[in-house]
file upload_10.cif (mmCIF, C-alpha atoms and all ligand atoms)
data_start
loop_
_atom_site.label_atom_id
_atom_site.label_comp_id
_atom_site.auth_asym_id
_atom_site.auth_seq_id
_atom_site.Cartn_x
_atom_site.Cartn_y
_atom_site.Cartn_z
CA MET A 1 90.04 24.21 -36.64
CA ARG A 2 93.31 25.82 -35.54
CA LEU A 3 95.60 23.37 -33.74
CA ASN A 4 95.86 25.40 -30.50
CA LYS A 5 92.07 25.74 -30.34
CA PHE A 6 91.72 21.99 -30.88
CA LEU A 7 94.24 21.19 -28.15
CA SER A 8 92.61 23.52 -25.60
CA GLY A 9 89.20 22.14 -26.57
CA CYS A 10 90.55 18.69 -25.65
CA GLY A 11 91.20 20.07 -22.17
CA LEU A 12 95.01 19.99 -22.55
CA ALA A 13 95.67 23.55 -21.35
CA SER A 14 94.82 27.15 -22.16
CA ARG A 15 95.25 28.16 -25.82
CA ARG A 16 98.37 30.15 -24.90
CA LYS A 17 99.99 27.15 -23.17
CA CYS A 18 99.00 24.88 -26.07
CA GLU A 19 101.03 27.14 -28.38
CA ASP A 20 104.11 26.52 -26.22
CA ILE A 21 103.49 22.77 -26.38
CA ILE A 22 103.26 22.98 -30.19
CA LYS A 23 106.46 25.07 -30.45
CA ALA A 24 108.26 22.53 -28.28
CA GLY A 25 107.65 19.91 -30.99
CA ARG A 26 105.51 17.73 -28.73
CA VAL A 27 102.52 17.53 -31.08
CA THR A 28 102.08 15.24 -34.06
CA ILE A 29 99.32 15.14 -36.65
CA ASN A 30 99.02 11.76 -38.39
CA GLY A 31 102.45 10.84 -37.08
CA LYS A 32 104.29 14.01 -38.25
CA VAL A 33 105.63 16.59 -35.82
CA VAL A 34 103.96 19.99 -36.32
CA GLU A 35 105.55 23.15 -34.97
CA ASN A 36 103.70 25.69 -37.07
CA LEU A 37 101.07 27.49 -34.96
CA ALA A 38 98.98 28.24 -38.05
CA THR A 39 98.33 24.52 -38.70
CA ASP A 40 94.69 23.48 -39.04
CA VAL A 41 93.23 20.20 -37.82
CA ASP A 42 90.37 18.28 -39.36
CA GLU A 43 88.90 17.08 -36.08
CA LYS A 44 86.93 14.31 -37.82
CA LYS A 45 89.87 12.74 -39.71
CA ASP A 46 93.23 13.76 -38.24
CA LYS A 47 94.97 11.77 -35.52
CA VAL A 48 96.51 14.25 -33.10
CA ALA A 49 98.97 13.13 -30.42
CA VAL A 50 100.79 14.96 -27.64
CA ASP A 51 103.98 13.29 -26.41
CA GLY A 52 102.87 10.25 -28.38
CA ASN A 53 99.43 10.01 -26.72
CA LEU A 54 96.40 10.41 -28.97
CA ILE A 55 93.95 13.06 -27.84
CA ALA A 56 90.44 13.92 -29.00
CA LEU A 57 87.73 16.47 -28.31
CA PRO A 58 85.32 15.33 -25.62
CA ASN A 59 82.50 13.56 -27.44
CA GLN A 60 80.05 15.38 -25.28
CA PHE A 61 80.09 18.85 -23.91
CA VAL A 62 78.21 19.59 -20.71
CA TYR A 63 76.56 22.95 -20.05
CA LEU A 64 74.89 23.52 -16.69
CA LYS A 65 73.34 26.50 -15.00
CA MET A 66 73.54 26.75 -11.24
CA ASN A 67 71.91 28.89 -8.61
CA LYS A 68 74.99 29.48 -6.47
CA PRO A 69 74.14 30.05 -2.80
CA LYS A 70 76.05 32.64 -0.77
CA GLY A 71 78.86 31.13 1.27
CA TYR A 72 80.37 29.08 -1.57
CA ALA A 73 83.59 29.87 -3.43
CA CYS A 74 83.79 29.72 -7.24
CA THR A 75 86.95 27.64 -7.40
CA ALA A 76 87.87 23.98 -7.77
CA SER A 77 89.66 23.98 -4.43
CA ASP A 78 89.63 26.86 -2.00
CA GLU A 79 92.94 27.65 -0.33
CA ARG A 80 91.05 28.64 2.82
CA GLY A 81 89.19 25.32 2.91
CA ARG A 82 85.80 26.94 2.36
CA LYS A 83 82.92 25.14 0.64
CA THR A 84 82.98 25.46 -3.15
CA ILE A 85 80.30 25.33 -5.82
CA PHE A 86 81.75 21.98 -6.92
CA ASP A 87 80.59 20.46 -3.63
CA LEU A 88 77.07 21.02 -4.98
CA VAL A 89 77.32 19.20 -8.31
CA GLN A 90 77.81 15.56 -9.33
CA SER A 91 79.42 15.07 -12.73
CA ASP A 92 81.31 12.32 -14.52
CA VAL A 93 83.32 14.91 -16.42
CA ARG A 94 85.53 17.62 -15.00
CA LEU A 95 83.68 20.94 -15.11
CA PHE A 96 84.80 24.49 -14.57
CA ASN A 97 82.88 27.67 -13.82
CA VAL A 98 82.33 30.32 -16.47
CA GLY A 99 83.34 33.58 -14.78
CA ARG A 100 82.89 34.02 -11.06
CA LEU A 101 80.63 35.30 -8.35
CA ASP A 102 81.95 36.57 -5.02
CA TYR A 103 81.77 34.20 -2.05
CA GLU A 104 78.85 36.22 -0.61
CA THR A 105 76.99 36.65 -3.93
CA GLU A 106 74.31 34.23 -5.01
CA GLY A 107 72.62 33.48 -8.30
CA LEU A 108 73.25 32.39 -11.84
CA ILE A 109 76.56 30.85 -12.90
CA PHE A 110 77.37 28.42 -15.73
CA LEU A 111 79.49 25.26 -15.44
CA THR A 112 80.92 23.51 -18.49
CA ASN A 113 83.77 21.43 -19.90
CA ASP A 114 83.77 23.49 -23.13
CA GLY A 115 86.67 25.94 -22.95
CA GLU A 116 85.60 27.73 -26.12
CA PHE A 117 82.13 28.36 -24.69
CA ALA A 118 83.66 29.76 -21.50
CA ASN A 119 85.90 32.08 -23.56
CA LEU A 120 82.92 33.25 -25.56
CA VAL A 121 80.64 34.03 -22.61
CA THR A 122 83.34 35.93 -20.71
CA HIS A 123 84.99 37.70 -23.64
CA PRO A 124 84.60 41.50 -23.22
CA LYS A 125 84.23 41.91 -26.98
CA TYR A 126 80.69 40.42 -26.93
CA HIS A 127 79.36 42.64 -24.10
CA PHE A 128 76.94 40.02 -22.78
CA GLU A 129 74.78 41.70 -20.15
CA LYS A 130 74.78 40.52 -16.57
CA GLU A 131 71.82 41.50 -14.45
CA TYR A 132 71.94 41.64 -10.65
CA VAL A 133 69.37 42.42 -7.98
CA ALA A 134 70.98 44.26 -5.08
CA THR A 135 69.11 44.34 -1.79
CA ILE A 136 70.39 47.32 0.14
CA GLU A 137 69.89 48.63 3.67
CA GLY A 138 67.53 51.61 3.73
CA ASP A 139 65.99 53.39 0.79
CA ILE A 140 67.87 54.95 -2.12
CA LYS A 141 67.27 58.31 -3.81
CA GLU A 142 66.75 58.90 -7.51
CA SER A 143 69.84 61.17 -7.47
CA GLU A 144 71.94 58.27 -6.13
CA LEU A 145 70.61 55.94 -8.82
CA ALA A 146 71.56 58.58 -11.41
CA VAL A 147 75.14 58.54 -10.10
CA LEU A 148 75.27 54.73 -10.47
CA ARG A 149 73.96 55.02 -14.04
CA LYS A 150 76.59 57.55 -15.07
CA GLY A 151 79.43 55.51 -13.61
CA VAL A 152 80.62 56.14 -10.05
CA VAL A 153 84.23 57.13 -9.45
CA VAL A 154 86.11 54.52 -7.39
CA ASP A 155 89.71 55.28 -6.36
CA GLY A 156 89.84 58.02 -8.97
CA VAL A 157 88.65 55.72 -11.78
CA ARG A 158 85.18 56.00 -13.31
CA MET A 159 83.33 52.67 -13.31
CA PRO A 160 81.51 51.74 -16.52
CA THR A 161 77.97 53.01 -16.95
CA ALA A 162 75.18 50.69 -15.85
CA LYS A 163 71.45 50.29 -16.43
CA VAL A 164 69.94 50.84 -12.99
CA LYS A 165 66.27 50.44 -12.06
CA TYR A 166 64.57 51.00 -8.71
CA MET A 167 62.43 48.00 -7.77
CA GLY A 168 60.91 49.21 -4.47
CA TYR A 169 61.37 49.63 -0.72
CA ASP A 170 59.74 47.50 1.99
CA GLY A 171 60.46 49.85 4.90
CA THR A 172 63.81 48.17 5.70
CA PHE A 173 65.46 47.21 2.42
CA ALA A 174 65.37 48.62 -1.11
CA LYS A 175 65.84 46.50 -4.20
CA VAL A 176 67.70 47.78 -7.23
CA SER A 177 68.25 46.04 -10.57
CA VAL A 178 71.71 46.65 -12.02
CA VAL A 179 72.72 45.59 -15.54
CA ILE A 180 76.38 45.72 -16.54
CA ASP A 181 78.17 44.37 -19.56
CA GLU A 182 81.70 44.42 -18.20
CA GLY A 183 83.05 42.22 -15.50
CA GLN A 184 85.39 44.18 -13.27
CA ASN A 185 86.15 42.57 -9.92
CA HIS A 186 83.43 43.19 -7.33
CA GLN A 187 81.98 45.76 -9.70
CA VAL A 188 78.47 45.98 -8.28
CA ARG A 189 79.61 46.02 -4.66
CA ARG A 190 82.14 48.74 -5.43
CA MET A 191 79.45 50.85 -7.12
CA PHE A 192 77.22 50.78 -4.03
CA ASP A 193 80.20 51.24 -1.67
CA ALA A 194 81.11 54.38 -3.57
CA ILE A 195 77.74 55.99 -2.79
CA GLY A 196 77.80 54.80 0.83
CA LYS A 197 75.17 52.07 0.50
CA THR A 198 75.47 48.68 2.18
CA ILE A 199 74.50 45.63 0.18
CA LYS A 200 72.62 43.06 2.25
CA LEU A 201 72.34 40.55 -0.58
CA LEU A 202 73.56 40.49 -4.16
CA LYS A 203 72.03 38.06 -6.60
CA ARG A 204 72.74 37.54 -10.31
CA VAL A 205 69.49 36.84 -12.13
CA ARG A 206 70.51 36.87 -15.80
CA ILE A 207 73.49 36.42 -18.13
CA GLY A 208 72.78 37.50 -21.72
CA GLY A 209 69.49 35.85 -22.69
CA VAL A 210 69.61 33.24 -19.92
CA HIS A 211 67.55 33.81 -16.77
CA LEU A 212 67.99 32.19 -13.37
CA GLY A 213 64.24 31.49 -13.37
CA GLY A 214 62.91 29.30 -10.61
CA LEU A 215 66.06 27.25 -10.05
CA TYR A 216 66.41 26.49 -6.32
CA ARG A 217 69.48 27.63 -4.40
CA GLY A 218 72.33 25.14 -4.70
CA LYS A 219 70.70 23.31 -7.64
CA THR A 220 71.96 22.87 -11.19
CA LYS A 221 70.17 22.00 -14.39
CA PRO A 222 71.29 21.51 -18.00
CA MET A 223 71.10 24.60 -20.18
CA THR A 224 68.65 24.27 -23.06
CA GLN A 225 69.92 24.27 -26.66
CA ASP A 226 68.36 27.74 -27.13
CA GLU A 227 70.26 29.04 -24.10
CA ILE A 228 73.56 27.64 -25.41
CA ASP A 229 72.84 28.98 -28.89
CA PHE A 230 72.15 32.46 -27.53
CA PHE A 231 75.90 32.73 -26.90
CA LYS A 232 77.19 30.62 -29.80
CA GLY A 233 75.04 32.64 -32.21
CA ALA A 234 76.81 35.86 -31.20
CA LYS A 235 80.13 34.77 -32.74
N1 LIG A 301 79.73 42.26 -8.79
C1 LIG A 301 80.08 42.05 -7.52
O1 LIG A 301 80.37 42.99 -6.79
N2 LIG A 301 80.12 40.79 -7.07
C2 LIG A 301 79.79 39.73 -7.81
O2 LIG A 301 79.82 38.59 -7.33
C3 LIG A 301 79.43 39.95 -9.13
C4 LIG A 301 79.41 41.24 -9.61
#
call {"tool": "encode", "arguments": {"input": "upload_10.cif", "output": "structure tokens"}}
result
Amino acid sequence: MRLNKFLSGCGLASRRKCEDIIKAGRVTINGKVVENLATDVDEKKDKVAVDGNLIALPNQFVYLKMNKPKGYACTASDERGRKTIFDLVQSDVRLFNVGRLDYETEGLIFLTNDGEFANLVTHPKYHFEKEYVATIEGDIKESELAVLRKGVVVDGVRMPTAKVKYMGYDGTFAKVSVVIDEGQNHQVRRMFDAIGKTIKLLKRVRIGGVHLGGLYRGKTKPMTQDEIDFFKGAK
């Protein structure tokens, strides 16, 4: 494994920052300073130290799925003092969220201590689908859905195309399923804004092959090996 990947996997810093730490001569492998970024580590045999302190990969990675409720921020500490998703989970290891949902959005989000897994799930190169159910005020016409599919223009820029399916209207609210495989900020809300529709509730129900299922709001549960492998297998 490349040294910078190993160091970031140990939770030292991002891969980019780990490269700076290597170049600064702060890393030793089996007692010898290594400054070459192309160095490989045998994670089973080599003794790697940073500033003289031995470090190792966590012996256990944790992968959780959460049903984030609305009204929680996806951050370790919110500068506005709002509740965060980390108020909802007990863990012995430090976890971080994989991607984000807006404060007002609810639904599926992953938490892990595996930086490589987080990179993989969020990397645009893999185009993992994200499926949302948008509950909107009033009904919506087929012609409006067609505009969402083609990619609405927001501030002069065309949004990526989306798979959009009408799910029904109960006389007050319509439900629309939206599948995107890019993650621009507030993408789904901006799509509906652009056609003058107000979202009452936005919920993420699927990421790649992993469904929210019947997980209660505010609850977490471990991902299954199949769910983890869905992403790892895409590499
Ligand atoms: N798109 C949005 O607009 N908000 C989210 O939270 C996720 C996707």
call {"tool": "closest_residue", "arguments": {"input": "upload_10.cif", "among": "A:Lys219, A:Lys175, A:Arg190, A:His123", "to": "Leu88 in chain A", "atoms": "only C-alpha atoms"}}
result
A:Lys219
call {"tool": "residues_around", "arguments": {"input": "upload_10.cif", "residues": "Glu142 in chain A", "least_positions_apart": "4", "cutoff": "10 Å", "atoms": "only C-alpha atoms", "output": "PyMOL selection string"}}
result
chain A and resi 146-148+165-166
call {"tool": "atom_distance", "arguments": {"input": "upload_10.cif", "atom1": "CA of Phe128 in chain A", "atom2": "atom O2 of ligand LIG 301 (chain A)"}}
result
15.8 Å
call {"tool": "residues_near_ligand", "arguments": {"input": "upload_10.cif", "ligand": "ligand LIG 301 (chain A)", "cutoff": "8 Å", "atoms": "only C-alpha atoms and all ligand atoms", "output": "list in words"}}
result
Arg100, Leu101, Asp102, Tyr103, Glu104, Thr105, Glu106, Tyr132, Gly183, Gln184, Asn185, His186, Gln187, Val188, Arg189, Arg190, Met191, Leu202, Lys203 and Arg204 of chain A
call {"tool": "residues_around", "arguments": {"input": "upload_10.cif", "residues": "range 170-172 of chain A", "least_positions_apart": "5", "cutoff": "10 Å", "atoms": "all atoms listed in the file", "output": "VMD selection string"}}
result
chain A and resid 135 to 139
call {"tool": "closest_residue", "arguments": {"input": "upload_10.cif", "among": "A:Gly107, A:Ala73, A:Asn59, A:Lys5", "to": "Leu215 in chain A", "atoms": "only C-alpha atoms"}}
result
A:Gly107
call {"tool": "atom_distance", "arguments": {"input": "upload_10.cif", "atom1": "CA of Tyr216 in chain A", "atom2": "CA of Gly81 in chain A"}}
result
24.6 Å
call {"tool": "decode", "arguments": {"input": "upload_10.cif", "residues": "range 35-155 of chain A", "atoms": "C-alpha atoms", "output": "PDB file, in the first residue's frame"}}
result
ATOM      1  CA  GLU A  35      10.790  11.136   1.968  1.00  0.00           C
ATOM      2  CA  ASN A  36       9.898   9.453  -1.295  1.00  0.00           C
ATOM      3  CA  LEU A  37       6.134   9.693  -1.917  1.00  0.00           C
ATOM      4  CA  ALA A  38       6.205   6.556  -4.077  1.00  0.00           C
ATOM      5  CA  THR A  39       7.262   4.362  -1.125  1.00  0.00           C
ATOM      6  CA  ASP A  40       5.101   1.315  -0.426  1.00  0.00           C
ATOM      7  CA  VAL A  41       4.304  -0.062   3.021  1.00  0.00           C
ATOM      8  CA  ASP A  42       3.699  -3.675   3.929  1.00  0.00           C
ATOM      9  CA  GLU A  43       1.024  -2.983   6.514  1.00  0.00           C
ATOM     10  CA  LYS A  44       1.465  -6.426   8.102  1.00  0.00           C
ATOM     11  CA  LYS A  45       5.257  -6.233   8.634  1.00  0.00           C
ATOM     12  CA  ASP A  46       6.546  -2.659   8.485  1.00  0.00           C
ATOM     13  CA  LYS A  47       6.821  -0.445  11.552  1.00  0.00           C
ATOM     14  CA  VAL A  48       5.741   3.046  10.549  1.00  0.00           C
ATOM     15  CA  ALA A  49       6.303   6.030  12.839  1.00  0.00           C
ATOM     16  CA  VAL A  50       5.425   9.712  12.581  1.00  0.00           C
ATOM     17  CA  ASP A  51       7.564  12.054  14.683  1.00  0.00           C
ATOM     18  CA  GLY A  52       8.855   8.934  16.411  1.00  0.00           C
ATOM     19  CA  ASN A  53       5.396   7.607  17.355  1.00  0.00           C
ATOM     20  CA  LEU A  54       4.380   4.257  15.886  1.00  0.00           C
ATOM     21  CA  ILE A  55       1.078   4.292  14.047  1.00  0.00           C
ATOM     22  CA  ALA A  56      -1.095   1.489  12.688  1.00  0.00           C
ATOM     23  CA  LEU A  57      -4.292   1.030  10.724  1.00  0.00           C
ATOM     24  CA  PRO A  58      -7.331   0.733  12.965  1.00  0.00           C
ATOM     25  CA  ASN A  59      -7.783  -2.981  13.616  1.00  0.00           C
ATOM     26  CA  GLN A  60     -11.454  -2.579  13.000  1.00  0.00           C
ATOM     27  CA  PHE A  61     -13.321  -0.412  10.595  1.00  0.00           C
ATOM     28  CA  VAL A  62     -16.846   0.649  11.434  1.00  0.00           C
ATOM     29  CA  TYR A  63     -19.503   1.174   8.761  1.00  0.00           C
ATOM     30  CA  LEU A  64     -22.921   2.428   9.831  1.00  0.00           C
ATOM     31  CA  LYS A  65     -26.000   3.549   7.983  1.00  0.00           C
ATOM     32  CA  MET A  66     -28.179   6.208   9.556  1.00  0.00           C
ATOM     33  CA  ASN A  67     -31.624   7.573   8.889  1.00  0.00           C
ATOM     34  CA  LYS A  68     -30.805  11.239   9.440  1.00  0.00           C
ATOM     35  CA  PRO A  69     -33.804  13.245  10.665  1.00  0.00           C
ATOM     36  CA  LYS A  70     -34.410  16.770   9.380  1.00  0.00           C
ATOM     37  CA  GLY A  71     -33.088  19.442  11.725  1.00  0.00           C
ATOM     38  CA  TYR A  72     -29.638  17.884  12.203  1.00  0.00           C
ATOM     39  CA  ALA A  73     -26.388  19.136  10.672  1.00  0.00           C
ATOM     40  CA  CYS A  74     -23.913  16.761   9.001  1.00  0.00           C
ATOM     41  CA  THR A  75     -20.839  18.030  10.811  1.00  0.00           C
ATOM     42  CA  ALA A  76     -18.807  17.089  13.871  1.00  0.00           C
ATOM     43  CA  SER A  77     -19.482  20.454  15.484  1.00  0.00           C
ATOM     44  CA  ASP A  78     -21.844  23.041  14.104  1.00  0.00           C
ATOM     45  CA  GLU A  79     -20.643  26.633  14.248  1.00  0.00           C
ATOM     46  CA  ARG A  80     -24.230  27.747  14.843  1.00  0.00           C
ATOM     47  CA  GLY A  81     -24.628  25.356  17.779  1.00  0.00           C
ATOM     48  CA  ARG A  82     -27.309  23.301  16.037  1.00  0.00           C
ATOM     49  CA  LYS A  83     -27.857  19.603  16.758  1.00  0.00           C
ATOM     50  CA  THR A  84     -25.640  17.316  14.683  1.00  0.00           C
ATOM     51  CA  ILE A  85     -25.990  13.742  13.489  1.00  0.00           C
ATOM     52  CA  PHE A  86     -23.214  12.800  15.933  1.00  0.00           C
ATOM     53  CA  ASP A  87     -25.580  13.597  18.814  1.00  0.00           C
ATOM     54  CA  LEU A  88     -27.541  10.555  17.622  1.00  0.00           C
ATOM     55  CA  VAL A  89     -24.806   7.918  17.656  1.00  0.00           C
ATOM     56  CA  GLN A  90     -22.708   6.277  20.378  1.00  0.00           C
ATOM     57  CA  SER A  91     -19.335   4.989  19.217  1.00  0.00           C
ATOM     58  CA  ASP A  92     -16.008   4.112  20.821  1.00  0.00           C
ATOM     59  CA  VAL A  93     -14.186   5.178  17.677  1.00  0.00           C
ATOM     60  CA  ARG A  94     -14.245   8.562  15.994  1.00  0.00           C
ATOM     61  CA  LEU A  95     -16.572   8.438  12.994  1.00  0.00           C
ATOM     62  CA  PHE A  96     -17.168  10.820  10.146  1.00  0.00           C
ATOM     63  CA  ASN A  97     -20.016  11.151   7.666  1.00  0.00           C
ATOM     64  CA  VAL A  98     -19.658  10.028   4.067  1.00  0.00           C
ATOM     65  CA  GLY A  99     -20.929  12.979   2.022  1.00  0.00           C
ATOM     66  CA  ARG A 100     -23.626  15.239   3.390  1.00  0.00           C
ATOM     67  CA  LEU A 101     -27.309  15.919   3.516  1.00  0.00           C
ATOM     68  CA  ASP A 102     -28.722  19.419   4.001  1.00  0.00           C
ATOM     69  CA  TYR A 103     -29.902  20.363   7.494  1.00  0.00           C
ATOM     70  CA  GLU A 104     -33.539  20.050   6.351  1.00  0.00           C
ATOM     71  CA  THR A 105     -33.067  16.819   4.365  1.00  0.00           C
ATOM     72  CA  GLU A 106     -33.655  13.440   5.940  1.00  0.00           C
ATOM     73  CA  GLY A 107     -32.705   9.905   5.017  1.00  0.00           C
ATOM     74  CA  LEU A 108     -29.776   7.653   4.306  1.00  0.00           C
ATOM     75  CA  ILE A 109     -26.224   8.642   5.206  1.00  0.00           C
ATOM     76  CA  PHE A 110     -23.180   6.481   6.011  1.00  0.00           C
ATOM     77  CA  LEU A 111     -20.807   6.958   8.963  1.00  0.00           C
ATOM     78  CA  THR A 112     -17.383   5.322   9.079  1.00  0.00           C
ATOM     79  CA  ASN A 113     -13.788   5.578  10.291  1.00  0.00           C
ATOM     80  CA  ASP A 114     -12.498   4.244   6.944  1.00  0.00           C
ATOM     81  CA  GLY A 115     -11.215   7.186   4.919  1.00  0.00           C
ATOM     82  CA  GLU A 116     -10.666   5.062   1.824  1.00  0.00           C
ATOM     83  CA  PHE A 117     -14.284   3.884   1.893  1.00  0.00           C
ATOM     84  CA  ALA A 118     -15.495   7.482   2.195  1.00  0.00           C
ATOM     85  CA  ASN A 119     -13.323   8.489  -0.785  1.00  0.00           C
ATOM     86  CA  LEU A 120     -14.685   5.614  -2.811  1.00  0.00           C
ATOM     87  CA  VAL A 121     -18.380   6.270  -2.135  1.00  0.00           C
ATOM     88  CA  THR A 122     -18.113   9.993  -2.858  1.00  0.00           C
ATOM     89  CA  HIS A 123     -15.679   9.852  -5.790  1.00  0.00           C
ATOM     90  CA  PRO A 124     -17.402  11.226  -8.933  1.00  0.00           C
ATOM     91  CA  LYS A 125     -15.554   8.699 -11.083  1.00  0.00           C
ATOM     92  CA  TYR A 126     -17.734   5.815  -9.806  1.00  0.00           C
ATOM     93  CA  HIS A 127     -21.102   7.545 -10.436  1.00  0.00           C
ATOM     94  CA  PHE A 128     -22.869   5.819  -7.552  1.00  0.00           C
ATOM     95  CA  GLU A 129     -26.553   6.672  -7.809  1.00  0.00           C
ATOM     96  CA  LYS A 130     -28.336   8.559  -5.075  1.00  0.00           C
ATOM     97  CA  GLU A 131     -32.099   8.290  -4.979  1.00  0.00           C
ATOM     98  CA  TYR A 132     -34.324  10.876  -3.296  1.00  0.00           C
ATOM     99  CA  VAL A 133     -38.054  11.147  -2.756  1.00  0.00           C
ATOM    100  CA  ALA A 134     -39.172  14.766  -2.976  1.00  0.00           C
ATOM    101  CA  THR A 135     -42.553  15.659  -1.506  1.00  0.00           C
ATOM    102  CA  ILE A 136     -43.683  18.843  -3.199  1.00  0.00           C
ATOM    103  CA  GLU A 137     -46.565  21.252  -2.684  1.00  0.00           C
ATOM    104  CA  GLY A 138     -49.263  20.778  -5.312  1.00  0.00           C
ATOM    105  CA  ASP A 139     -49.197  18.483  -8.298  1.00  0.00           C
ATOM    106  CA  ILE A 140     -46.549  18.438 -11.019  1.00  0.00           C
ATOM    107  CA  LYS A 141     -47.027  18.152 -14.794  1.00  0.00           C
ATOM    108  CA  GLU A 142     -45.370  15.627 -17.080  1.00  0.00           C
ATOM    109  CA  SER A 143     -43.821  18.552 -19.008  1.00  0.00           C
ATOM    110  CA  GLU A 144     -42.168  19.783 -15.782  1.00  0.00           C
ATOM    111  CA  LEU A 145     -40.826  16.310 -15.034  1.00  0.00           C
ATOM    112  CA  ALA A 146     -39.382  16.230 -18.566  1.00  0.00           C
ATOM    113  CA  VAL A 147     -37.506  19.472 -17.855  1.00  0.00           C
ATOM    114  CA  LEU A 148     -36.011  17.949 -14.672  1.00  0.00           C
ATOM    115  CA  ARG A 149     -34.936  14.865 -16.651  1.00  0.00           C
ATOM    116  CA  LYS A 150     -33.164  16.882 -19.324  1.00  0.00           C
ATOM    117  CA  GLY A 151     -31.305  19.000 -16.792  1.00  0.00           C
ATOM    118  CA  VAL A 152     -32.750  22.330 -15.635  1.00  0.00           C
ATOM    119  CA  VAL A 153     -30.746  25.502 -16.161  1.00  0.00           C
ATOM    120  CA  VAL A 154     -29.782  27.157 -12.860  1.00  0.00           C
ATOM    121  CA  ASP A 155     -27.973  30.519 -12.974  1.00  0.00           C
TER     122      ASP A 155
END
